[in-house]
Structure formats: C-alpha cells, structure tokens
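K.L.:
I have a structure here, written as structure tokens, and I will follow up with some questions on it.
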Number of protein chains: 2
Amino acid sequence: MLDYALLAALAAVIRGGSFERAARQLHVTPSAVSQRVKLLEERLGTILVVRGTPCVGTPAGQRLCQHVEQVALLESELRHELPGIQDSGPPVTLRIAVNADSLATWFVTAMAETRDCLFDLVIDDQEHSADWLCRGEVLAAVTSGVKPVQGCDSTPLGALRYIATASPDFIRRHFPEGVRDGSLALAPRLTFDGKDQLQAQWTRQVFGTEITSATHWLPSSQAFIDAALAGLGWGMNPEMLVAEHLRDGRLIALIPDQPLDVPLFWQRSRIASGRLADTTRAVLRTAGSMLR
Amino acid sequence: MLDYALLAALAAVIRGGSFERAARQLHVTPSAVSQRVKLLEERLGTILVVRGTPCVGTPAGQRLCQHVEQVALLESELRHELPGIQDSGPPVTLRIAVNADSLATWFVTAMAETRDCLFDLVIDDQEHSADWLCRGEVLAAVTSGVKPVQGCDSTPLGALRYIATASPDFIRRHFPEGVRDGSLALAPRLTFDGKDQLQAQWTRQVFGTEITSATHWLPSSQAFIDAALAGLGWGMNPEMLVAEHLRDGRLIALIPDQPLDVPLFWQRSRIASGRLADTTRAVLRTAGSMLR
C-alpha cells in the first residue's frame with residue numbers, strides 16, 4: 001500500500017500552497033515536509049509539486065491529493081460505523097462543484113446546516129459542473145444536466161429563476177422603442193465567461209432565435225448585478241438577488257413575464273453517499289424551500 | 001502579414017465559445033466561419049481551437065486571440081488620432097486582471113465611468129494578477145506588488161482594508177476565553193483559494209507568527225461573507241462589504257483595532273496607455289475616493 005504519512009504531507013503542501021504552511025499544519029519542520037514529498041516523488045518516479053508561490057500540484061500530485069481525501073472520507077465513514085474508534089483526525093473535507101449563482105443565493109445556507117465537515121468548493125457553470133464529477137475531482141455537484149453521471153445518484157432540486165435585467169437609464173438609451181431583436185443585437189450585454197449560455201438561451205426563448213451582441217466578460221455573480229445597476233449592460237440575474245432592485249426600480253426586467261427557469265440537480269458519488277448523507281439532506285431541504 | 005479576416009473568425013469562435021455564435025456575430029454562415037478557422041490552422045500548421053461545448057482556444061489559438069485584440073486596440077488609437085476615419089468596428093475590449101475583492105467593492109464603479117469600451121475581466125489574487133500582465137495576457141491589472149512589471153506604469157491606488165470577522169455565535173463557540181493563538185489554531189477558517197494569504201498574513205501581524213487551522217475553501221467574495229454570517233468560519237472580509245453587518249452585530253471583529261490594510265496598485269501596459277487613458281482616469285478617481 002501507499003505510504004499515507006508521505007501522502008498527507010503532499011496533500012498539505014498542495015492544499016496549503018507552501019511547505020512552511022504544511023509544516024505548521026502537521027506540526028513538523030518544513031524540511032521534514034520537503035523530505036517526505038521528495039521521497040514520495042522518488043518512489044513514484046514523477047514530480048508531484050511545482051515549487052513556487054504558491055506551490056501547485058502537478059496532475060499526478062492533484063490526483064494523489066484527491067485520493068488522500070477519498071481515503072479520509074472512507075475512514076470517517078468507518079468511524080461512524082465503529083463509534084468505539086476515537087475520531088482523532090481533522091474534520092473531513094468535502095470537495096463539491098457548484099455554479100456561482102447557486103453559491104450566491106442558496107448554497108451557503110445548506111452548508112451552514114452541515115456542521116461536522118469542511119467544504120472545498122469549486123465554482124463552474126451548471127452545464128459543466130458534472131464534468132468535475134465525471135473526472136472524479138469532486139464528490140458531488142450542483143448541475144443542470146438531468147442525466148446522472150456514472151456511479152452517481154441525481155435528485156432534482158427545483159429551478160433557479162433568472163430575470164433579464166438592466167438599469168432604467170440603460171433601457172432608455174438602448175431600447176427607446178422597446179426591447180426588439182434589432183435593438184438587442186446592438187445593446188452591450190454581460191456574460192459571466194465563455195461557458196455562460198444564459199443570455200443566449202433567453203433570447204432563443206423570447207425571440208425564437210439566438211441574438212448576439214458586444215459583451216462585457218464579468219466572472220462574478222455580484223459584479224454582474226453591480227454592472228447592471230451601473231448601466232454597463234443587460235444580463236440574466238437570479239431573481240432572488242435582484243427582487244429588491246426590481247421592486248425599487250433600480251433595475252427593470254427587459255420584458256415582463258419572461259423569466260428563464262434553470263432546473264438544477266444534486267448529483268453525488270455513490271461511493272461517498274454515506275458521508276454525504278448530512279450534506280445531501282441539507283442541500284435538498286434548503287433547495288426545496290428556496291428554489292422553484 | 002497575417003490574414004485578419006481569418007483571425008477575426010478565430011477570435012469570435014474562441015470568445016463566443018461556438019461556431020454558430022461566431023457566425024451570427026460576423027453575419028456569415030457557420031460553415032464560412034469553420035472554413036476560415038480551418039484555413040488559418042492549415043496555414044499556421046497547428047490546431048487553434050479544440051472543438052467542443054464550448055469551443056476552447058489552444059494555447060496558440062489564445063495567443064492569436066490576444067494578438068487580434070491588441071491590433072484592434074492599436075486601430076482604435078489610430079482612429080482617435082485620425083478622427084476623419086469612421087469608427088466602423090465593434091467597441092474595443094479591454095482585458096484586465098482584478099482581484100475578486102476589488103471587483104466586489106470599487107472596481108465596477110470605475111468601469112461604469114468608462115463608457116466607450118467593453119471589459120473582459122480576469123479574476124486573480126492581488127499577489128498574482130501581475131503575472132497576467134507579465135505574460136501579456138491582459139493590458140492592465142490591479143495588483144498588490146509595488147514593483148512595476150516590465151513595460152508597465154504603476155500608480156498606487158490606496159489600501160483595501162480587511163477586518164477579521166466571524167458571527168457572534170461562532171465567537172462564543174470557538175473563542176470563549178478570547179481570541180488567542182491556541183484557540184485560533186482550532187477554529188475553522190475561510191480561505192478563498194490556494195493563493196489567498198490574507199488570513200495567514202493577519203495572524204502574523206497580530207501574533208507575530210503564522211497560525212494555521214482547518215479551513216473551508218470558498219472562491220467568492222460574497223460567499224465568504226455569507227459563510228461568516230452563517231457561522232461556518234472566520235475570515236478576512238473587506239471593511240466596505242461588512243461595515244453594516246459589524247454595526248448591526250451580525251458579524252464581530254475577532255480583535256478590535258487590528259485591521260489588515262492591503263495596498264493596491266494600478267499597473268498598465270505602456271503600449272496601451274493611450275487607449276487605457278479613460279479607464280486609468282476612472283480607476284484612479286474611484287480608488288481615490290473609495291480606498292484608504
């Protein structure tokens with residue numbers, strides 16, 4: 001079997017970003033950490049950490065890091081089933097992929113109901129969060145795909161509702177004669193990143209065809225709203241985050257009664273289902289009360 | 001010289017993520033876009049786009065994409081100096097690296113004062129945003145490094161003030177006898193990502209030594225605050241974002257009168273200084289009124 005003392009040192013370096021930090025976490029000297037990582041690299045015959053500021057795992061190092069976390073998870077399930085064994089290790093870290101807008105609206109509430117573990121969140125588009133699960137890099141994911149990833153269970157969470165919004169001033173400037181396909185093609189929009197299809201999806205839903213235009217690229221849920229408020233562009237914003245702005249007239253729906261509902265799913269690895277049980281309960285309960 | 005009609009098709013595919021979207025933007029058919037990209041790949045003898053959902057640029061494709069944007073920028077400077085030439089092209093896109101907390105606090109205000117261009121924001125830690133500038137992948141960056149990147153001008157922006165905060169309940173549970181080095185080592189903290197040094201920096205400032213502990217990983221400024229409010233951990237939050245929570249007692253400073261001030265700088269490529277002049281003015285003015 002692998003040497004888990006060496007693997008723990010590797011994981012601490014990759015997660016903490018430096019040998020010094022790993023040393024403090026493991027209560028040993030930095031040179032002890034360095035020796036353990038070097039020994040592991042020699043035994044496995046491959047470089048595992050790119051030394052730098054911060055230290056970053058190579059693909060092999062990252063994969064081993066995941067493996068250590070999976071083993072820690074299995075150990076923690078073991079301790080659940082054999083309560084005689086004292087839980088002496090650090091709390092288990094659950095690595096989960098979540099879309100930025102879920103994190104900005106309801107996901108932290110679910111996290112707060114799961115007290116006995118730590119979360120390591122990866123943010124990716126809901127159309128791509130399942131890829132992390134396919135690659136085995138996370139234990140669970142909030143996705144928009146219905147189809148379960150192999151080896152995973154999938155439960156519908158409800159839909160996150162989006163409204164196409166812009167500031168009153170922006171609407172006056174760009175849509176003096178109403179929001180039409182022609183005026184939409186000329187008005188700057190907001191796009192989260194290259195994976196963000198929501199603006200395109202909404203134009204397809206409303207006009208039957210995709211309308212493109214010049215865009216700002218803004219990879220942050222809150223900055224998306226701030227930019228809409230500041231009149232930089234129009235964008236799809238979660239209703240939960242803009243309800244107050246819409247009520248007070250700081251933002252206006254481009255077209256009334258044309259929300260975009262994005263159905264979300266909670267997909268989790270069957271191998272980790274025991275340890276994820278608390279989190280799954282909290283996620284389903286929170287989504288049930290906050291999503292549509 | 002390179003064929004810029006082919007390059008424009010490539011950039012539209014990489015920026016838009018699909019051949020269909022690029023086609024609509026360029027007002028041609030998807031097969032015309034596909035032919036142009038293929039021709040460019042044949043001429044240059046290398047694959048430029050990984051076909052998928054979304055389409056992603058290879059390193060060579062990304063580099064060409066940057067080049068197209070730099071040329072567009074030079075063209076737009078030309079049009080400024082020769083106003084007789086009609087500005088028929090799309091607005092210029094300025095690619096800028098900014099730290100998440102600047103984007104969450106003051107940067108959108110600066111963007112809103114620069115109306116005649118589009119922004120393509122890359123989010124990275126203030127200690128690492130200068131790397132994007134070094135690699136020539138952005139035109140400007142909000143950084144924490146004083147030393148100017150080669151070929152760049154650097155202007156101090158003031159400091160973003162951080163407060164170590166947690167919920168009253170968290171403080172009662174984890175620091176019943178006050179915030180000491182021993183209790184800090186046992187209390188879960190919040191960390192943005194592997195590059196985030198702020199929590200460590202603050203423990204060094206207050207206790208003279210770095211204190212590590214178990215951590216949640218949460219790469220979002222707003223989720224950081226939400227997680228602190230929910231009692232998941234303590235973390236360094238920008239004073240601007242938590243002032244109200246501190247006033248109302250929903251969050252408490254771990255130690256009063258121990259803020260962490262992070263000085264920020266506006267670094268921009270000299271080659272683009274003309275076209276960035278408006279943005280630079282807006283950034284310096286906004287930072288001057290919102291930072292310390």
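To be explicit about the labels: the chains of the structure tokens are called A, B, and onward in the order shown, and within each one the residues are counted from 1, while ligands get numbers from 1 in the order they are shown.
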Write out as a PyMOL selection string the set of residues from stretch 118-207 of chain A that DSSP, computed on the backbone, places in strand (DSSP E or B).
P.N.:
chain A and resi 118-123+140-143+152-166+189-191
K.L.:
Would you give me, as an MDAnalysis selection string, the residues in stretch 147-290 of chain B that DSSP reads as alpha helix (DSSP H)?
P.N.:
chainID B and resid 168:174 181:186 198:207 221:229 239:247 273:290
K.L.:
I need the residue nearest B:Ala60 from this list: B:Ala8, B:Ala185, B:Ile14, B:Val98. Use only C-alpha atoms for the distance.
P.N.:
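For B:Ala60, the nearest of the candidates is B:Ile14.
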K.L.:
Could you produce a table of the residues of chain A lying within 7 Å of chain B, with the nearest pair of atoms per residue and their separation in Å rounded to one decimal, using only C-alpha atoms, ordered by chain and increasing residue number, as a tab-separated table?
P.N.:
```
residue	atom	partner	partner_atom	distance
A:Arg15	CA	B:Gly194	CA	6.4
A:Gly16	CA	B:Gly194	CA	6.1
A:Gly17	CA	B:Gly194	CA	5.5
A:Arg24	CA	B:Thr212	CA	6.6
A:Gln25	CA	B:Thr212	CA	6.0
A:Pro54	CA	B:Lys195	CA	6.1
A:Leu103	CA	B:Ala223	CA	6.5
A:Ala104	CA	B:Ala223	CA	6.2
A:Val108	CA	B:Ala227	CA	6.1
A:Ala112	CA	B:Ala230	CA	5.8
A:Leu118	CA	B:His216	CA	5.2
A:Phe119	CA	B:His216	CA	4.9
A:Asp120	CA	B:Trp217	CA	4.4
A:Leu121	CA	B:Leu218	CA	5.6
A:Gly194	CA	B:Gly17	CA	5.7
A:Lys195	CA	B:Pro54	CA	6.1
A:Thr212	CA	B:Gln25	CA	6.0
A:Ser213	CA	B:Gln25	CA	6.9
A:Thr215	CA	B:Leu118	CA	6.5
A:His216	CA	B:Phe119	CA	4.9
A:Trp217	CA	B:Asp120	CA	4.4
A:Leu218	CA	B:Leu121	CA	5.6
A:Gln222	CA	B:Ala104	CA	6.8
A:Ala223	CA	B:Ala104	CA	6.2
A:Asp226	CA	B:Val108	CA	6.6
A:Ala227	CA	B:Val108	CA	6.1
A:Ala230	CA	B:Ala112	CA	5.8
A:Leu232	CA	B:Ala112	CA	6.1
```
K.L.:
Nearest to B:Trp266 among B:Thr279, B:Asn99, B:Thr46, B:Ser154, with distances taken over only C-alpha atoms: which residue is it?
P.N.:
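For B:Trp266, the nearest of the given residues is B:Ser154.
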K.L.:
Just the residues within 6 Å of A:Ala164, please, counting only C-alpha atoms, with nothing from its chain fewer than 2 positions along; format it as a count of residues only.
P.N.:
4
K.L.:
Residues at most 9 Å from stretch 258-263 of chain B, counting only C-alpha atoms, excluding those fewer than 6 positions away in the same chain, as a ChimeraX atom specification?
P.N.:
/B:143-146,156-164,198,201-202,205-206,236,239,292
K.L.:
Which residues are close to stretch 134-142 of chain B, i.e. within 8 Å by only C-alpha atoms, leaving aside same-chain residues fewer than 5 positions away? Reply as a count of residues only.
P.N.:
18
K.L.:
For each of B:Phe19, B:Asp124, B:Val50, B:Val71, take the minimum atom-to-atom distance to B:Tyr4, counting only C-alpha atoms, then give the residue where this is smallest.
P.N.:
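The closest residue to B:Tyr4 is B:Val71.
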K.L.:
Mind giving me the straight-line distance from atom CA of A:Leu251 to atom CA of A:Ala166 in Å, one decimal?
P.N.:
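Separating atom CA of A:Leu251 from atom CA of A:Ala166 is a distance of 5.4 Å.
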K.L.:
Please indicate the distance in Å from atom CA of A:Ile252 to atom CA of A:Thr209, rounded to one decimal place.
P.N.:
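Calculated distance between atom CA of A:Ile252 and atom CA of A:Thr209 is 22.7 Å.
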